[in-house]
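**Student:** Got a structure for you, questions after.
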Amino acid sequence: MIRNPLPWWLASPAALLMLAFLALPMVMLLGLSLNPFVPGAGVGEGFTLSHYADLATDDYFHTIFGRTLALSFWVTLGCLLIGVPEAWVLSRLSPRWRAVSMVIVLGPLLISVIVRTLGWAILLGSEGVINRSLMALGWIDAPIRMMYTFSAMTVALVHVLVPFMVLAVWASLQRLDPATLQAAASLGAPPTTVFRRVVLPQVVPGMLSGVLIVFAMAASAFATPAIIGGRRLKVVPTTIYDEFLGNLNWPLGAALAAVLLVIVLVVTLGTNRWVERRWRRVFE
Amino acid sequence: MSSPARLSWPLRLFHSLFAVFMLAPLLMVVLVSLTDKGYIALPFSGASWRWYAAIADAHDFITAFINSLWLAAAAATISALLAVPAGLAIAWHRFAGRDALLGLLLSPLMVPHIVLAIALLKFFTLIGASSTWWGLTLSHTVIVLPYVLRLVVAAATGHERSISQAAQSLGAPPWVVFWRIELPLILPGVTGGWIIAFINSFDEVTMSLFVASASTATLPVKMYNHIAHTIDPLLASISTVLIVLTLVLMLALDRFFGLDRVLSGRSN
């Protein structure tokens, strides 16, 4: 290899920024999670594993971690179920309709998560649009409580994250060999069979990257669960917020964040390995 | 595909329902902003612009909006200044540690914002930079840099280096080669990346909640804190303004770069 320092000079400002403002703070976060908490004073000196012990033994935290994982699971499943067919539809549209549909499907990604979540709060509130319409139709007598429920959080997060799934599957559909579809159709396969037996196996890599992105983002989403779930339905990110800015227990918050990070990494790397082994041929 | 076959009706129905699902919450925000009542109610009888007029008196929201604009412009610009040389190094050179470098520069995409937020809060407190303007700006620079980098690398990868080499052999100094030949070649990637970085910084809420202070509060932070207390039509009118502004940027992005390409970080 030719020793050439030029690329390192070019990349060093960006690399230094990442080391100073990402790598170093993350290491310090790990250190913080091992400091004792002194009520009133905040972070104490010394080394303790007590915060991790709390997370491992306290049912309060088990519920929160369980809820976060369940939420991420259902959101990922929801995004797969509607995102994959939608990407397929997009690829079959005429160019003009596709352009319009792209803006509708991907555009919300660029709009603030706060604005999108506000929309769901307006729809789902007890005085909200859905409740008022159902009551006007005479289908229900009293408003159904939808805000501050698990399903409301799931639906709102699917809305926030599904564009990532469509985008990932869409990228993989563009690499699809159209000859395989024509071959299947000419051999008499009905459209549903073509989709199931020819298209789906070829877009597995796209579905996989979509699943990984959506799961990681759902597990660490803050604003949507905070607004739709409220104080009743805490997830790990909202608990971190409360520990940090409410109880001022920074070490416990740091331990929560470290465990969240490890869970997200383990689940995404595990899924990645499982799918790659199961569908090895597609990735070659 | 040569000729897109006509979609069957179940697929058309699905596509329409999907579009309704994506648009419904945004439409609700727009509708609610037009009420003449002091509270959120749909359907309502009287329509008015009063909540748009109310924005003019919401000084703290306007300050936060201006904060957000400056912050997003600064973060996008700094990240572009850092990502262009780094992206060119990665796209045009083969060197030991290239993959590790790319991994490091893209790592903000992997770390949840809530985790990075508290790591930075701790870090800034320790070095005495908590609630400073530059701390907030550099935090945003870290999280938007990967978006610019991906588009710069994608834009640079497709280009022949022989043009630069030809210019060099004709005696052009390195900075002339960069300024007159290489930069124009990758400019679409840089511009698209800058806009995506700007939007991502402008919309960012989780990290800013921890790193911003009362005086540097961004618009999303201000709106989040407002929602935590009450949801009123003022929020809806501010949100509608944001939706319209984003729509304009979005159509520009789609027209010049293709929305799917910019968002997934691929070149034109």
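How things are named: the first chain in the structure tokens is A, the next is B, and so on; residues count from 1 in each chain; ligands count from 1 in the order shown.
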Please report as JSON lines every residue of chain B lying within 6 Å of chain A, along with the nearest atom pair and their distance in Å (one decimal), using only C-alpha atoms.
**Tutor:**
```
{"residue": "B:Met1", "atom": "CA", "partner": "A:Pro178", "partner_atom": "CA", "distance": 5.8}
{"residue": "B:Pro4", "atom": "CA", "partner": "A:Arg92", "partner_atom": "CA", "distance": 5.3}
{"residue": "B:Pro25", "atom": "CA", "partner": "A:Gly119", "partner_atom": "CA", "distance": 4.1}
{"residue": "B:Leu26", "atom": "CA", "partner": "A:Gly119", "partner_atom": "CA", "distance": 5.7}
{"residue": "B:Met28", "atom": "CA", "partner": "A:Gly119", "partner_atom": "CA", "distance": 5.9}
{"residue": "B:Val29", "atom": "CA", "partner": "A:Gly119", "partner_atom": "CA", "distance": 5.3}
{"residue": "B:Leu42", "atom": "CA", "partner": "A:Val129", "partner_atom": "CA", "distance": 5.9}
{"residue": "B:Leu82", "atom": "CA", "partner": "A:Ala14", "partner_atom": "CA", "distance": 5.2}
{"residue": "B:Pro85", "atom": "CA", "partner": "A:Leu10", "partner_atom": "CA", "distance": 4.9}
{"residue": "B:Ala86", "atom": "CA", "partner": "A:Ala11", "partner_atom": "CA", "distance": 3.9}
{"residue": "B:Ala89", "atom": "CA", "partner": "A:Pro7", "partner_atom": "CA", "distance": 4.6}
{"residue": "B:Pro112", "atom": "CA", "partner": "A:Ser220", "partner_atom": "CA", "distance": 5.8}
{"residue": "B:Val115", "atom": "CA", "partner": "A:Ala257", "partner_atom": "CA", "distance": 5.5}
{"residue": "B:Ala119", "atom": "CA", "partner": "A:Pro25", "partner_atom": "CA", "distance": 5.0}
{"residue": "B:Leu120", "atom": "CA", "partner": "A:Pro25", "partner_atom": "CA", "distance": 5.7}
{"residue": "B:Phe123", "atom": "CA", "partner": "A:Pro25", "partner_atom": "CA", "distance": 5.5}
{"residue": "B:Asp203", "atom": "CA", "partner": "A:Ser112", "partner_atom": "CA", "distance": 4.8}
{"residue": "B:Ser239", "atom": "CA", "partner": "A:Val115", "partner_atom": "CA", "distance": 5.7}
```
**Student:** List every residue of range 110-194 of chain B that DSSP, applied to the backbone of this structure, assigns to helix (DSSP H, G or I), and report them as a VMD selection string.
**Tutor:** chain B and resid 113 to 126 133 to 157 162 to 169 174 to 194
**Student:** Nearest to Gly192 in chain B: which of B:Tyr224, B:Phe256, B:Trp134, B:Phe178 is it, counting only C-alpha atoms?
**Tutor:**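 Closest to Gly192 in chain B, using only C-alpha atoms: B:Phe256.
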**Student:** Name the closest residue to Ala212 in chain B among the candidates B:Thr132, B:Thr141, B:Ser162, B:Ser79; distances are taken between atoms, counting only C-alpha atoms.
**Tutor:**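 Residue with the minimum atom-to-atom distance to Ala212 in chain B: B:Thr132.
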**Student:** Near Leu252 in chain A, within 7 Å and counting only C-alpha atoms, which residues show up once chain neighbours fewer than 5 positions away are dropped, as a VMD selection string?
**Tutor:** chain A and resid 33 51 243
**Student:** So that I can check the surroundings of Leu106 in chain B, please list as a list in words every protein, DNA and RNA residue that reaches within 12 Å of it, counting only C-alpha atoms and ignoring chain neighbours fewer than 5 positions away.
**Tutor:**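 Result of the neighbour search: Ala14, Ala15, Met18 and Leu22 of chain A; Ala83, Ala86, Gly87, Asp99, Ala100, Leu101, Val111, Val142, Ile143, Val144, Leu145, Pro146, Tyr147, Val148, Leu149, Arg150, Leu151, Val153 and Gly265 of chain B.
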**Student:** Save the residues we just selected, C-alpha atoms, as a CSV table (one decimal), in the first residue's frame?
**Tutor:**
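Output file out-v5.csv follows:
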```csv
chain,number,residue,atom,x,y,z
A,14,ALA,CA,-14.8,15.5,10.4
A,15,ALA,CA,-13.1,12.6,12.2
A,18,MET,CA,-16.9,12.7,15.8
A,22,LEU,CA,-19.6,11.5,19.9
B,83,ALA,CA,-18.1,16.4,4.9
B,86,ALA,CA,-13.9,13.7,4.0
B,87,GLY,CA,-16.3,12.5,1.4
B,99,ASP,CA,-13.8,1.5,6.2
B,100,ALA,CA,-13.2,2.4,9.8
B,101,LEU,CA,-13.2,6.1,9.0
B,111,VAL,CA,-26.7,6.1,18.1
B,142,VAL,CA,-22.6,15.7,14.5
B,143,ILE,CA,-26.0,14.3,13.8
B,144,VAL,CA,-26.5,15.9,10.3
B,145,LEU,CA,-23.0,15.3,9.0
B,146,PRO,CA,-23.8,11.7,7.8
B,147,TYR,CA,-26.6,12.9,5.5
B,148,VAL,CA,-24.2,15.3,3.7
B,149,LEU,CA,-21.4,12.8,3.6
B,150,ARG,CA,-23.5,10.0,2.0
B,151,LEU,CA,-24.6,12.4,-0.8
B,153,VAL,CA,-19.6,10.2,-1.5
B,265,GLY,CA,-28.4,8.9,0.2
```
**Student:** What does the structure give for the distance between CA of Leu263 in chain B and CA of Gly193 in chain B, in Å to one decimal?
**Tutor:**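 Between CA of Leu263 in chain B and CA of Gly193 in chain B the gap works out to 9.3 Å.
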